[in-house]
>>> print(open('entry_24.cif').read())   # mmCIF, C-alpha atoms and all ligand atoms
data_start
loop_
_atom_site.label_atom_id
_atom_site.label_comp_id
_atom_site.auth_asym_id
_atom_site.auth_seq_id
_atom_site.Cartn_x
_atom_site.Cartn_y
_atom_site.Cartn_z
CA MET A 1 83.45 65.56 97.40
CA SER A 2 84.04 65.86 93.67
CA ASP A 3 86.21 68.62 92.23
CA SER A 4 83.34 70.50 90.66
CA GLY A 5 80.70 69.31 93.10
CA ALA A 6 78.75 71.06 95.79
CA SER A 7 79.85 71.29 99.41
CA SER A 8 77.96 69.37 102.05
CA VAL A 9 76.33 72.46 103.61
CA ASP A 10 72.64 72.79 102.87
CA LEU A 11 71.85 76.20 101.32
CA GLU A 12 68.29 76.11 102.70
CA LYS A 13 69.64 75.89 106.27
CA ILE A 14 71.87 78.92 105.68
CA VAL A 15 69.05 80.97 104.13
CA SER A 16 66.70 80.02 106.95
CA LEU A 17 69.21 80.83 109.71
CA ALA A 18 70.09 84.10 107.97
CA LYS A 19 66.48 85.22 108.03
CA ARG A 20 65.53 83.86 111.47
CA ARG A 21 68.49 85.45 113.25
CA GLY A 22 68.49 88.75 111.34
CA PHE A 23 71.43 88.43 108.95
CA ILE A 24 69.67 88.71 105.58
CA PHE A 25 66.07 89.44 104.57
CA GLN A 26 64.46 89.47 101.16
CA SER A 27 64.06 93.06 99.96
CA SER A 28 60.51 94.49 99.99
CA GLU A 29 59.25 91.23 101.44
CA ILE A 30 55.86 92.59 102.57
CA TYR A 31 55.15 93.42 98.90
CA GLY A 32 56.07 89.95 97.75
CA GLY A 33 59.77 90.71 97.44
CA LEU A 34 61.86 92.03 94.57
CA SER A 35 63.73 89.40 92.62
CA SER A 36 67.39 88.91 93.62
CA THR A 37 67.56 91.86 95.98
CA TRP A 38 68.38 91.38 99.65
CA ASP A 39 68.59 93.49 102.79
CA TYR A 40 71.13 93.05 105.56
CA GLY A 41 69.51 92.84 109.00
CA PRO A 42 70.91 93.80 112.42
CA LEU A 43 73.50 91.00 112.45
CA GLY A 44 74.16 91.03 108.69
CA VAL A 45 75.10 94.68 108.76
CA GLU A 46 77.62 94.03 111.56
CA LEU A 47 79.12 91.07 109.68
CA LYS A 48 79.37 93.12 106.49
CA ARG A 49 81.02 96.05 108.28
CA ASN A 50 83.52 93.70 109.92
CA ILE A 51 84.43 92.16 106.54
CA LYS A 52 85.00 95.59 105.01
CA ASP A 53 86.94 96.81 108.04
CA SER A 54 89.19 93.76 107.99
CA TRP A 55 89.83 94.21 104.27
CA TRP A 56 90.61 97.93 104.65
CA ARG A 57 92.90 97.31 107.62
CA THR A 58 94.80 94.58 105.77
CA PHE A 59 95.10 96.20 102.37
CA VAL A 60 95.25 99.94 103.19
CA TRP A 61 96.32 100.63 106.79
CA GLU A 62 98.84 97.80 107.15
CA ARG A 63 100.61 98.52 103.84
CA ASP A 64 102.92 101.37 102.84
CA ASP A 65 101.92 101.36 99.19
CA MET A 66 98.14 101.94 99.42
CA VAL A 67 95.71 104.84 99.83
CA GLY A 68 91.91 104.98 99.77
CA LEU A 69 89.20 106.65 97.68
CA ASP A 70 85.41 106.93 97.66
CA ALA A 71 84.21 108.00 94.22
CA SER A 72 80.59 108.75 93.37
CA ILE A 73 78.28 106.19 91.79
CA LEU A 74 77.09 108.56 89.06
CA MET A 75 79.86 109.62 86.67
CA HIS A 76 80.19 111.52 83.42
CA PRO A 77 78.82 109.27 80.63
CA ASP A 78 82.04 109.77 78.65
CA VAL A 79 83.79 107.68 81.31
CA TRP A 80 81.82 104.62 80.14
CA ARG A 81 82.40 105.47 76.49
CA ALA A 82 86.18 105.63 77.06
CA SER A 83 86.26 102.49 79.21
CA GLY A 84 84.48 100.48 76.52
CA HIS A 85 81.42 99.74 78.67
CA ILE A 86 78.92 101.44 76.36
CA GLN A 87 80.16 99.42 73.37
CA ASN A 88 81.21 96.14 74.97
CA PHE A 89 79.52 95.58 78.32
CA SER A 90 76.62 93.58 76.96
CA ASP A 91 75.12 90.12 76.63
CA PRO A 92 73.65 88.76 73.37
CA LEU A 93 69.91 88.26 73.96
CA VAL A 94 67.23 86.52 71.93
CA ASP A 95 63.44 86.68 72.32
CA CYS A 96 61.00 83.82 71.84
CA LYS A 97 58.50 84.75 69.12
CA GLU A 98 55.85 82.54 70.75
CA CYS A 99 56.02 83.09 74.53
CA ARG A 100 58.08 86.33 74.56
CA GLN A 101 60.60 85.07 77.09
CA ARG A 102 64.11 86.44 76.80
CA TRP A 103 67.26 84.31 76.87
CA ARG A 104 71.03 84.73 76.75
CA GLU A 105 72.10 83.33 73.39
CA ASP A 106 75.47 82.16 74.73
CA GLN A 107 73.72 80.01 77.36
CA LEU A 108 71.33 78.22 74.96
CA GLU A 109 72.00 74.65 73.94
CA LYS A 110 69.66 74.64 70.90
CA PRO A 111 68.35 77.44 68.59
CA GLU A 112 64.83 77.16 70.05
CA CYS A 113 63.07 78.49 73.13
CA PRO A 114 63.94 76.32 76.18
CA ALA A 115 60.48 77.05 77.65
CA CYS A 116 58.14 76.34 74.71
CA GLY A 117 60.30 75.26 71.77
CA GLY A 118 59.26 78.40 69.85
CA GLU A 119 61.28 80.21 67.22
CA LEU A 120 63.81 82.76 68.46
CA THR A 121 64.66 86.22 67.13
CA ASP A 122 68.18 87.14 66.05
CA ALA A 123 70.47 88.11 68.93
CA ARG A 124 70.65 91.73 69.99
CA ASN A 125 73.23 93.13 72.37
CA PHE A 126 71.70 94.10 75.68
CA ASN A 127 73.84 96.50 77.70
CA LEU A 128 74.17 95.51 81.35
CA MET A 129 74.46 99.05 82.70
CA PHE A 130 71.46 100.56 84.50
CA LYS A 131 70.51 103.74 82.70
CA THR A 132 69.03 106.78 84.39
CA PHE A 133 68.60 110.52 83.73
CA ILE A 134 70.15 113.47 85.52
CA GLY A 135 67.79 116.41 86.02
CA PRO A 136 64.11 116.75 85.06
CA ILE A 137 64.38 116.07 81.32
CA GLU A 138 64.66 112.51 80.08
CA ASP A 139 66.55 112.86 76.81
CA ASP A 140 69.85 111.70 75.32
CA SER A 141 71.77 114.64 76.76
CA SER A 142 70.79 113.78 80.34
CA VAL A 143 71.59 110.04 80.26
CA ALA A 144 73.73 108.71 83.11
CA PHE A 145 74.60 105.21 84.26
CA LEU A 146 74.83 103.58 87.66
CA ARG A 147 78.45 102.39 87.74
CA PRO A 148 78.87 98.70 86.83
CA GLU A 149 82.27 98.64 88.58
CA THR A 150 84.17 100.91 90.96
CA ALA A 151 87.42 100.78 88.97
CA GLN A 152 86.71 103.72 86.66
CA GLY A 153 86.27 106.09 89.63
CA ILE A 154 89.84 105.24 90.55
CA PHE A 155 91.27 105.64 87.03
CA VAL A 156 89.74 109.07 86.45
CA ASN A 157 91.18 110.20 89.82
CA PHE A 158 94.67 108.83 89.10
CA GLU A 159 96.20 112.27 88.62
CA ASN A 160 94.39 113.78 91.63
CA VAL A 161 95.66 111.03 93.92
CA LEU A 162 99.18 111.17 92.50
CA ASN A 163 99.42 114.95 92.91
CA SER A 164 97.90 115.04 96.39
CA THR A 165 99.86 112.12 97.90
CA ARG A 166 103.21 112.19 96.01
CA LYS A 167 103.04 108.37 95.85
CA LYS A 168 105.78 106.58 93.91
CA LEU A 169 105.25 103.49 91.75
CA PRO A 170 104.31 100.87 92.66
CA PHE A 171 101.26 102.05 94.62
CA GLY A 172 97.57 101.31 94.75
CA ILE A 173 94.21 102.94 95.37
CA ALA A 174 91.52 101.04 97.27
CA GLN A 175 87.80 101.61 97.19
CA ILE A 176 84.72 99.93 98.66
CA GLY A 177 81.35 100.72 97.15
CA LYS A 178 78.18 99.67 95.39
CA ALA A 179 77.99 98.69 91.73
CA PHE A 180 75.03 97.73 89.56
CA ARG A 181 74.62 95.30 86.67
CA ASN A 182 71.33 94.53 84.96
CA GLU A 183 72.03 90.79 84.84
CA ILE A 184 69.51 88.55 83.07
CA THR A 185 70.40 85.53 85.15
CA THR A 186 70.52 86.00 88.91
CA GLY A 187 70.20 83.69 91.87
CA ASN A 188 71.81 81.54 94.54
CA PHE A 189 70.76 83.83 97.38
CA ILE A 190 73.13 86.84 97.65
CA PHE A 191 75.66 85.33 95.22
CA ARG A 192 74.41 86.84 91.95
CA THR A 193 72.43 90.06 92.35
CA ARG A 194 71.97 93.22 90.29
CA GLU A 195 73.09 95.51 93.09
CA PHE A 196 76.24 94.52 94.93
CA GLU A 197 79.22 95.89 96.80
CA ILE A 198 82.84 95.58 95.72
CA MET A 199 86.13 95.92 97.58
CA GLU A 200 88.52 96.87 94.83
CA ILE A 201 92.15 97.87 94.36
CA GLU A 202 93.81 99.34 91.30
CA PHE A 203 97.53 98.77 91.84
CA PHE A 204 99.80 100.76 89.50
CA VAL A 205 103.16 99.27 88.55
CA LYS A 206 105.93 99.89 86.03
CA PRO A 207 105.32 98.06 82.73
CA GLY A 208 107.31 94.84 82.84
CA GLU A 209 106.74 94.37 86.58
CA ASP A 210 103.06 93.59 86.09
CA GLU A 211 103.27 89.81 85.95
CA GLU A 212 105.27 89.56 89.16
CA TRP A 213 102.86 91.87 90.98
CA HIS A 214 99.90 89.94 89.59
CA LYS A 215 101.15 86.78 91.35
CA ARG A 216 101.96 88.63 94.58
CA TRP A 217 98.47 90.11 94.73
CA LEU A 218 96.86 86.75 94.09
CA ASP A 219 98.80 85.32 97.06
CA ASP A 220 97.97 88.29 99.31
CA CYS A 221 94.26 88.04 98.50
CA MET A 222 94.19 84.29 99.09
CA SER A 223 95.90 84.79 102.47
CA TRP A 224 93.23 87.28 103.55
CA TYR A 225 90.54 84.59 103.26
CA THR A 226 92.56 81.85 104.94
CA ASP A 227 93.79 84.19 107.72
CA LEU A 228 90.10 84.84 108.45
CA GLY A 229 89.57 81.11 108.84
CA VAL A 230 88.14 80.04 105.46
CA SER A 231 88.99 76.36 104.84
CA PRO A 232 91.80 76.21 102.26
CA ASP A 233 90.27 73.05 100.75
CA ARG A 234 87.13 75.02 99.85
CA LEU A 235 89.18 77.63 97.96
CA ARG A 236 90.78 77.32 94.55
CA VAL A 237 92.29 79.54 91.87
CA ARG A 238 91.02 79.38 88.30
CA GLU A 239 92.61 81.21 85.39
CA HIS A 240 90.34 82.76 82.75
CA GLU A 241 90.57 81.17 79.33
CA GLY A 242 90.99 83.22 76.14
CA LYS A 243 87.38 84.02 75.20
CA GLU A 244 86.41 84.53 78.83
CA LEU A 245 88.95 87.34 79.32
CA ALA A 246 87.53 90.87 79.50
CA HIS A 247 88.36 93.23 76.66
CA TYR A 248 90.91 95.10 78.81
CA ALA A 249 92.68 92.18 80.48
CA LYS A 250 95.98 90.43 79.78
CA ALA A 251 95.30 87.70 82.33
CA THR A 252 92.77 87.13 85.12
CA TYR A 253 92.66 84.71 88.03
CA ASP A 254 89.49 84.01 89.95
CA ILE A 255 89.54 82.92 93.56
CA GLU A 256 86.62 80.50 93.87
CA TYR A 257 84.84 79.13 96.93
CA GLN A 258 83.04 75.82 97.07
CA PHE A 259 79.43 76.88 97.72
CA PRO A 260 76.54 74.46 98.34
CA TRP A 261 75.78 74.60 94.58
CA GLY A 262 79.40 74.27 93.45
CA TRP A 263 82.42 76.47 92.82
CA GLY A 264 81.77 80.19 92.48
CA GLU A 265 83.95 83.28 92.07
CA ILE A 266 84.39 85.42 95.19
CA GLN A 267 87.31 87.49 93.94
CA GLY A 268 89.01 88.32 90.66
CA VAL A 269 92.64 89.40 90.27
CA ALA A 270 93.09 90.91 86.81
CA ASN A 271 96.01 92.39 84.90
CA ARG A 272 94.26 95.34 83.18
CA THR A 273 97.52 96.51 81.52
CA ASP A 274 97.63 100.22 80.60
CA PHE A 275 94.27 99.96 78.80
CA ASP A 276 92.24 102.23 81.08
CA LEU A 277 94.76 105.01 81.71
CA LYS A 278 95.49 105.21 77.98
CA ALA A 279 91.80 105.19 77.06
CA HIS A 280 91.01 108.01 79.50
CA SER A 281 94.07 110.02 78.41
CA LYS A 282 92.90 109.81 74.82
CA ALA A 283 89.23 110.53 75.48
CA SER A 284 89.65 113.28 78.11
CA GLY A 285 92.74 115.04 76.73
CA THR A 286 94.36 114.80 80.19
CA THR A 287 97.53 112.74 80.08
CA LEU A 288 97.38 110.08 82.80
CA ASP A 289 100.96 108.91 83.22
CA TYR A 290 103.85 108.90 85.69
CA PHE A 291 107.30 110.47 85.64
CA ASP A 292 109.87 107.83 86.54
CA GLN A 293 112.73 109.87 88.07
CA GLU A 294 115.26 107.03 88.05
CA ALA A 295 114.84 106.33 84.36
CA ASN A 296 114.10 109.99 83.61
CA GLU A 297 111.10 109.11 81.45
CA ARG A 298 107.32 109.18 81.47
CA VAL A 299 105.54 105.82 81.65
CA VAL A 300 101.92 104.75 81.57
CA PRO A 301 101.61 102.35 84.53
CA TYR A 302 100.21 98.87 84.19
CA VAL A 303 97.36 98.01 86.54
CA ILE A 304 96.79 94.93 88.70
CA GLU A 305 93.20 94.80 89.92
CA PRO A 306 92.22 92.65 92.91
CA ALA A 307 88.41 92.96 93.15
CA ALA A 308 86.41 91.12 95.80
CA GLY A 309 82.64 90.90 96.13
CA VAL A 310 81.54 91.93 99.63
CA ASP A 311 78.28 89.99 99.38
CA ARG A 312 79.93 86.92 97.88
CA GLY A 313 82.66 87.03 100.51
CA LEU A 314 80.01 87.32 103.21
CA MET A 315 78.20 84.32 101.74
CA ALA A 316 81.47 82.32 101.74
CA PHE A 317 82.29 83.31 105.34
CA LEU A 318 78.76 82.39 106.41
CA VAL A 319 78.75 78.98 104.66
CA ASP A 320 82.26 78.22 105.87
CA ALA A 321 81.45 79.11 109.49
CA TYR A 322 78.28 76.98 109.61
CA THR A 323 78.84 73.97 111.84
CA GLU A 324 76.61 71.33 113.38
CA GLU A 325 77.87 69.09 116.17
CA GLU A 326 76.40 66.58 118.59
CA VAL A 327 76.70 67.53 122.24
CA ALA A 328 75.60 65.81 125.44
CA THR A 329 72.67 67.25 127.38
CA SER A 330 72.25 67.17 131.17
CA SER A 331 69.76 64.30 130.85
CA ASP A 332 72.30 61.93 129.24
CA LYS A 333 70.99 62.49 125.74
CA THR A 334 72.60 64.25 122.81
CA GLU A 335 71.39 67.23 120.85
CA THR A 336 72.59 69.07 117.76
CA ARG A 337 74.44 72.30 118.46
CA VAL A 338 74.43 74.76 115.54
CA LEU A 339 77.22 77.29 115.61
CA LEU A 340 78.83 79.80 113.30
CA LYS A 341 82.58 79.55 113.80
CA PHE A 342 83.32 83.08 112.65
CA HIS A 343 86.81 84.45 113.10
CA PRO A 344 86.53 86.92 116.05
CA ASP A 345 87.34 89.82 113.69
CA LEU A 346 84.20 88.99 111.65
CA ALA A 347 81.76 87.90 114.36
CA PRO A 348 78.75 90.26 114.33
CA VAL A 349 78.50 90.12 118.13
CA LYS A 350 81.89 90.01 119.84
CA VAL A 351 80.75 89.43 123.41
CA ALA A 352 77.41 88.68 125.05
CA VAL A 353 76.84 89.60 128.69
CA LEU A 354 74.40 87.20 130.36
CA PRO A 355 73.19 87.48 133.94
CA LEU A 356 72.46 83.97 135.25
CA SER A 357 68.86 85.02 135.90
CA ARG A 358 66.62 88.06 135.98
CA ASN A 359 66.88 88.17 139.79
CA GLU A 360 66.91 91.78 140.90
CA LYS A 361 69.99 91.24 143.08
CA LEU A 362 72.02 90.44 139.94
CA ALA A 363 70.69 93.27 137.79
CA PRO A 364 72.91 96.18 138.99
CA LEU A 365 76.18 94.24 138.69
CA ALA A 366 75.16 92.74 135.32
CA ALA A 367 74.40 96.24 133.99
CA GLU A 368 77.72 97.49 135.32
CA VAL A 369 79.65 94.66 133.63
CA TYR A 370 77.75 95.20 130.37
CA ASN A 371 78.61 98.90 130.29
CA MET A 372 82.20 98.23 131.18
CA VAL A 373 82.60 95.70 128.35
CA ARG A 374 80.89 97.97 125.80
CA LYS A 375 83.06 100.94 126.64
CA SER A 376 86.34 99.10 127.04
CA GLY A 377 88.70 99.52 124.10
CA ALA A 378 89.35 95.78 124.33
CA VAL A 379 86.17 94.89 122.49
CA ASN A 380 86.09 96.55 119.10
CA GLY A 381 82.53 95.80 118.05
CA PHE A 382 78.98 95.00 119.02
CA VAL A 383 78.23 93.72 122.54
CA GLN A 384 74.85 92.19 123.41
CA PHE A 385 72.99 91.88 126.69
CA ASP A 386 70.53 88.99 127.03
CA ASP A 387 68.60 87.96 130.15
CA ALA A 388 65.66 86.12 128.56
CA GLN A 389 65.15 82.37 129.14
CA SER A 390 67.52 79.79 130.60
CA ILE A 391 71.27 80.28 130.44
CA GLY A 392 71.65 77.13 128.31
CA ARG A 393 69.27 78.45 125.68
CA ARG A 394 71.02 81.81 125.67
CA TYR A 395 74.40 80.10 125.08
CA ARG A 396 72.84 78.23 122.12
CA ARG A 397 71.44 81.46 120.72
CA GLN A 398 74.87 83.09 120.88
CA ASP A 399 76.50 79.97 119.34
CA GLU A 400 74.06 80.15 116.44
CA ILE A 401 75.05 83.75 115.60
CA GLY A 402 78.75 83.10 116.11
CA THR A 403 79.48 85.11 119.28
CA PRO A 404 83.03 84.10 120.31
CA LEU A 405 82.71 84.86 124.03
CA CYS A 406 79.90 84.98 126.61
CA VAL A 407 80.33 86.62 130.02
CA THR A 408 78.08 85.24 132.74
CA VAL A 409 77.31 87.18 135.90
CA ASP A 410 76.06 84.84 138.68
CA PHE A 411 75.32 85.03 142.40
CA ASP A 412 78.94 84.23 143.33
CA SER A 413 79.92 87.34 141.37
CA LEU A 414 78.29 89.44 144.10
CA ASP A 415 80.80 88.03 146.61
CA ASP A 416 83.97 87.25 144.64
CA ASN A 417 83.81 90.10 142.09
CA ALA A 418 84.49 87.59 139.34
CA VAL A 419 82.57 86.42 136.25
CA THR A 420 82.68 83.42 133.93
CA ILE A 421 83.89 83.63 130.33
CA ARG A 422 82.58 80.88 128.05
CA ASP A 423 84.31 80.06 124.77
CA ARG A 424 82.01 79.39 121.77
CA ASP A 425 84.06 76.67 120.08
CA THR A 426 85.28 74.65 123.09
CA MET A 427 82.41 75.58 125.47
CA ASN A 428 85.13 75.82 128.16
CA GLN A 429 84.41 78.21 131.01
CA VAL A 430 86.95 80.15 133.05
CA ARG A 431 86.43 82.33 136.10
CA VAL A 432 88.13 85.74 135.93
CA PRO A 433 88.12 88.75 138.30
CA ILE A 434 86.00 91.60 136.93
CA ALA A 435 89.10 93.78 137.26
CA ASP A 436 90.84 91.58 134.63
CA LEU A 437 87.82 91.14 132.35
CA SER A 438 88.82 93.65 129.65
CA ALA A 439 92.30 92.17 129.32
CA GLU A 440 90.92 88.61 129.23
CA LEU A 441 88.36 89.48 126.55
CA ALA A 442 91.01 91.20 124.44
CA LYS A 443 93.11 88.03 124.69
CA GLY A 444 90.16 85.80 123.78
CA LEU A 445 89.24 87.87 120.75
CA SER A 446 92.73 88.10 119.28
CA ARG A 447 93.04 84.74 117.58
ZN ZN B 501 58.96 80.37 74.15
#
>>> encode(input="entry_24.cif", output="structure tokens")
Amino acid sequence: MSDSGASSVDLEKIVSLAKRRGFIFQSSEIYGGLSSTWDYGPLGVELKRNIKDSWWRTFVWERDDMVGLDASILMHPDVWRASGHIQNFSDPLVDCKECRQRWREDQLEKPECPACGGELTDARNFNLMFKTFIGPIEDDSSVAFLRPETAQGIFVNFENVLNSTRKKLPFGIAQIGKAFRNEITTGNFIFRTREFEIMEIEFFVKPGEDEEWHKRWLDDCMSWYTDLGVSPDRLRVREHEGKELAHYAKATYDIEYQFPWGWGEIQGVANRTDFDLKAHSKASGTTLDYFDQEANERVVPYVIEPAAGVDRGLMAFLVDAYTEEEVATSSDKTETRVLLKFHPDLAPVKVAVLPLSRNEKLAPLAAEVYNMVRKSGAVNGFVQFDDAQSIGRRYRRQDEIGTPLCVTVDFDSLDDNAVTIRDRDTMNQVRVPIADLSAELAKGLSR
């Protein structure tokens, strides 16, 4: 595998599995679809929830220096004026005078239309924010924007959070939510879309401590991916070069994953300095700063911003979990087993309960076990019941969606009050008393 090259996983296989098993569908498909928009199906929504829950648990609940926020998507337009988005958040676009296609000037190799060779117009800045109108009148006074990032909702609430929580520096505010960018170039499945979800932290530190905290956050973010089982050799850190840096940033690191088409950013960790708090203080007239009691002085905190794409993370977890292996069949042949080796915390279905057959003698006990597993606190997530087709095919179906554990109720269960737990990765099966099932499942899911 070359350093900049693609991974060996076939993107088409991932897209096909995602649709077939209900992870991801094209949006508005029955109308021919809408370009670069995607819907999360019954398993996709579970996977996405589990990713967000894991992130929130790790970065909010398990830390002493974090609190949460959920700001609205629509904000006062002055927010985007102060943040620089109205002036600076744009791409230079040119139009072809012949065929009317539109291109990003900074991505062109020659000053002619890549499609027809036609002459191009001068570049105009095209703002990437989606514009809308609040209320019934569509004029300049009612313009609003769909937020292109969640960060500004945190900055404008800095004083509210500080006053209501009495947090001391350093501390951070976390938020998960949708953001919108009217990108000209989209693609690679759910990797680059115009509507996406971000898991973002603004971490406020004393000026001078920013560089140390920047490194610590980069390490903490990297550990979250590897703790959830992402192969370290498919992750790398890339530092932004001068002209690539955003207008507010002192330094930015990207965490990149090796996707089937090559390396792509799944998370940024930026040092935003005191740019945003100062800009909002100036524009709003409300001073956004912090009184440092030890030094007996007011400071404007510096901000470290770890920002992860939920959809991009999901794509990386999905690609990374995809595994094909050859296994022996009962008739001395081999077949390909497809499995998603999700970390148990992320698996969309935690446990599947499978009666050996649809025999009516098994049905009452199977239903009892299913209800017990669903309601036990040991399994924090979605539990499925499946009694269609042969047990072997049902195991394969669960392997293909990444279910860590299957519980099989068979005819012996009626006599010995025990069931079989099958492990997804090893395919090992162990017999456990139904009385111990909750404890055994909890053990099996805590890896
Ligand atoms: Zn053209």
>>> residues_around(input="entry_24.cif", residues="A:Asp412", least_positions_apart="6", cutoff="12 Å", atoms="only C-alpha atoms", output="number ranges by chain")
A: 355-356, 361-362, 365, 418-420, 431-433
>>> write_last_selection(input="entry_24.cif", atoms="C-alpha atoms", output="PDB file, keeping the file's coordinate frame")
ATOM      1  CA  PRO A 355      73.190  87.480 133.940  1.00  0.00           C
ATOM      2  CA  LEU A 356      72.460  83.970 135.250  1.00  0.00           C
ATOM      3  CA  LYS A 361      69.990  91.240 143.080  1.00  0.00           C
ATOM      4  CA  LEU A 362      72.020  90.440 139.940  1.00  0.00           C
ATOM      5  CA  LEU A 365      76.180  94.240 138.690  1.00  0.00           C
ATOM      6  CA  ALA A 418      84.490  87.590 139.340  1.00  0.00           C
ATOM      7  CA  VAL A 419      82.570  86.420 136.250  1.00  0.00           C
ATOM      8  CA  THR A 420      82.680  83.420 133.930  1.00  0.00           C
ATOM      9  CA  ARG A 431      86.430  82.330 136.100  1.00  0.00           C
ATOM     10  CA  VAL A 432      88.130  85.740 135.930  1.00  0.00           C
ATOM     11  CA  PRO A 433      88.120  88.750 138.300  1.00  0.00           C
TER      12      PRO A 433
END
>>> closest_atom_pairs(input="entry_24.cif", of="chain A", to="ligand ZN 501 (chain B)", cutoff="10 Å", atoms="only C-alpha atoms and all ligand atoms", output="Markdown table")
| residue | atom | partner | partner_atom | distance |
| --- | --- | --- | --- | --- |
| A:Asp95 | CA | B:ZN501 | ZN | 8.0 |
| A:Cys96 | CA | B:ZN501 | ZN | 4.6 |
| A:Lys97 | CA | B:ZN501 | ZN | 6.7 |
| A:Glu98 | CA | B:ZN501 | ZN | 5.1 |
| A:Cys99 | CA | B:ZN501 | ZN | 4.0 |
| A:Arg100 | CA | B:ZN501 | ZN | 6.0 |
| A:Gln101 | CA | B:ZN501 | ZN | 5.8 |
| A:Arg102 | CA | B:ZN501 | ZN | 8.4 |
| A:Trp103 | CA | B:ZN501 | ZN | 9.6 |
| A:Glu112 | CA | B:ZN501 | ZN | 7.8 |
| A:Cys113 | CA | B:ZN501 | ZN | 4.6 |
| A:Pro114 | CA | B:ZN501 | ZN | 6.7 |
| A:Ala115 | CA | B:ZN501 | ZN | 5.1 |
| A:Cys116 | CA | B:ZN501 | ZN | 4.2 |
| A:Gly117 | CA | B:ZN501 | ZN | 5.8 |
| A:Gly118 | CA | B:ZN501 | ZN | 4.7 |
| A:Glu119 | CA | B:ZN501 | ZN | 7.3 |
| A:Leu120 | CA | B:ZN501 | ZN | 7.8 |
>>> residues_around(input="entry_24.cif", residues="A:His280", least_positions_apart="6", cutoff="12 Å", atoms="all atoms listed in the file", output="list of chain:residue names")
A:Asp78, A:Val79, A:Trp80, A:Arg81, A:Ala82, A:Ser83, A:Gly84, A:Gln152, A:Gly153, A:Ile154, A:Phe155, A:Val156, A:Asn157, A:Phe158, A:Glu159, A:Asp274, A:Thr286, A:Thr287, A:Leu288, A:Asp289, A:Val300
>>> residues_around(input="entry_24.cif", residues="stretch 36-38 of chain A", least_positions_apart="6", cutoff="6 Å", atoms="only C-alpha atoms", output="PyMOL selection string")
chain A and resi 25-27+193
>>> closest_residue(input="entry_24.cif", among="A:Phe196, A:Trp61, A:Leu346, A:Ile73", to="A:Ile401", atoms="all atoms listed in the file")
A:Leu346
>>> atom_distance(input="entry_24.cif", atom1="atom CA of A:Pro301", atom2="atom CA of A:Thr150")
18.6 Å
>>> closest_residue(input="entry_24.cif", among="A:Lys110, A:Lys243, A:Phe411, A:Lys250", to="A:Phe275", atoms="all atoms listed in the file")
A:Lys250
>>> closest_atom_pairs(input="entry_24.cif", of="stretch 253-340 of chain A", to="stretch 205-218 of chain A", cutoff="8 Å", atoms="all atoms listed in the file", output="Markdown table")
| residue | atom | partner | partner_atom | distance |
| --- | --- | --- | --- | --- |
| A:Tyr253 | CA | A:Leu218 | CA | 7.7 |
| A:Val269 | CA | A:Leu218 | CA | 6.3 |
| A:Ala270 | CA | A:His214 | CA | 7.4 |
| A:Asn271 | CA | A:His214 | CA | 6.6 |
| A:Thr273 | CA | A:Asp210 | CA | 7.8 |
| A:Val299 | CA | A:Lys206 | CA | 7.4 |
| A:Val300 | CA | A:Pro207 | CA | 7.6 |
| A:Pro301 | CA | A:Lys206 | CA | 5.2 |
| A:Tyr302 | CA | A:Val205 | CA | 5.3 |
| A:Val303 | CA | A:Val205 | CA | 6.3 |
| A:Ile304 | CA | A:His214 | CA | 5.9 |
| A:Pro306 | CA | A:Trp217 | CA | 7.0 |
>>> closest_residue(input="entry_24.cif", among="A:Ile51, A:Ile173, A:Asp91, A:Gln107", to="A:Met66", atoms="all atoms listed in the file")
A:Ile173
>>> closest_atom_pairs(input="entry_24.cif", of="stretch 317-415 of chain A", to="stretch 10-17 of chain A", cutoff="8 Å", atoms="all atoms listed in the file", output="CSV")
residue,atom,partner,partner_atom,distance
A:Leu318,CA,A:Ile14,CA,7.7
A:Val319,CA,A:Ile14,CA,7.0
A:Tyr322,CA,A:Ile14,CA,7.8
>>> write_last_selection(input="entry_24.cif", atoms="C-alpha atoms", output="JSON list (two decimals), in the coordinates of the input")
[["chain", "number", "residue", "atom", "x", "y", "z"],
["A", 318, "LEU", "CA", 78.76, 82.39, 106.41],
["A", 319, "VAL", "CA", 78.75, 78.98, 104.66],
["A", 322, "TYR", "CA", 78.28, 76.98, 109.61]]
>>> closest_residue(input="entry_24.cif", among="A:Leu235, A:Ala249, A:Ala279, A:Ile137", to="A:Glu305", atoms="only C-alpha atoms")
A:Ala249
>>> residues_around(input="entry_24.cif", residues="A:Val373", least_positions_apart="3", cutoff="10 Å", atoms="only C-alpha atoms", output="NGL selection string")
:A and (351-353 or 367-370 or 376-380 or 383-384 or 407 or 437-438 or 441)
>>> write_last_selection(input="entry_24.cif", atoms="C-alpha atoms", output="short mmCIF file (atom, residue, chain, number, x, y, z; two decimals), in the frame of the given file")
data_model
loop_
_atom_site.label_atom_id
_atom_site.label_comp_id
_atom_site.auth_asym_id
_atom_site.auth_seq_id
_atom_site.Cartn_x
_atom_site.Cartn_y
_atom_site.Cartn_z
CA VAL A 351 80.75 89.43 123.41
CA ALA A 352 77.41 88.68 125.05
CA VAL A 353 76.84 89.60 128.69
CA ALA A 367 74.40 96.24 133.99
CA GLU A 368 77.72 97.49 135.32
CA VAL A 369 79.65 94.66 133.63
CA TYR A 370 77.75 95.20 130.37
CA SER A 376 86.34 99.10 127.04
CA GLY A 377 88.70 99.52 124.10
CA ALA A 378 89.35 95.78 124.33
CA VAL A 379 86.17 94.89 122.49
CA ASN A 380 86.09 96.55 119.10
CA VAL A 383 78.23 93.72 122.54
CA GLN A 384 74.85 92.19 123.41
CA VAL A 407 80.33 86.62 130.02
CA LEU A 437 87.82 91.14 132.35
CA SER A 438 88.82 93.65 129.65
CA LEU A 441 88.36 89.48 126.55
#
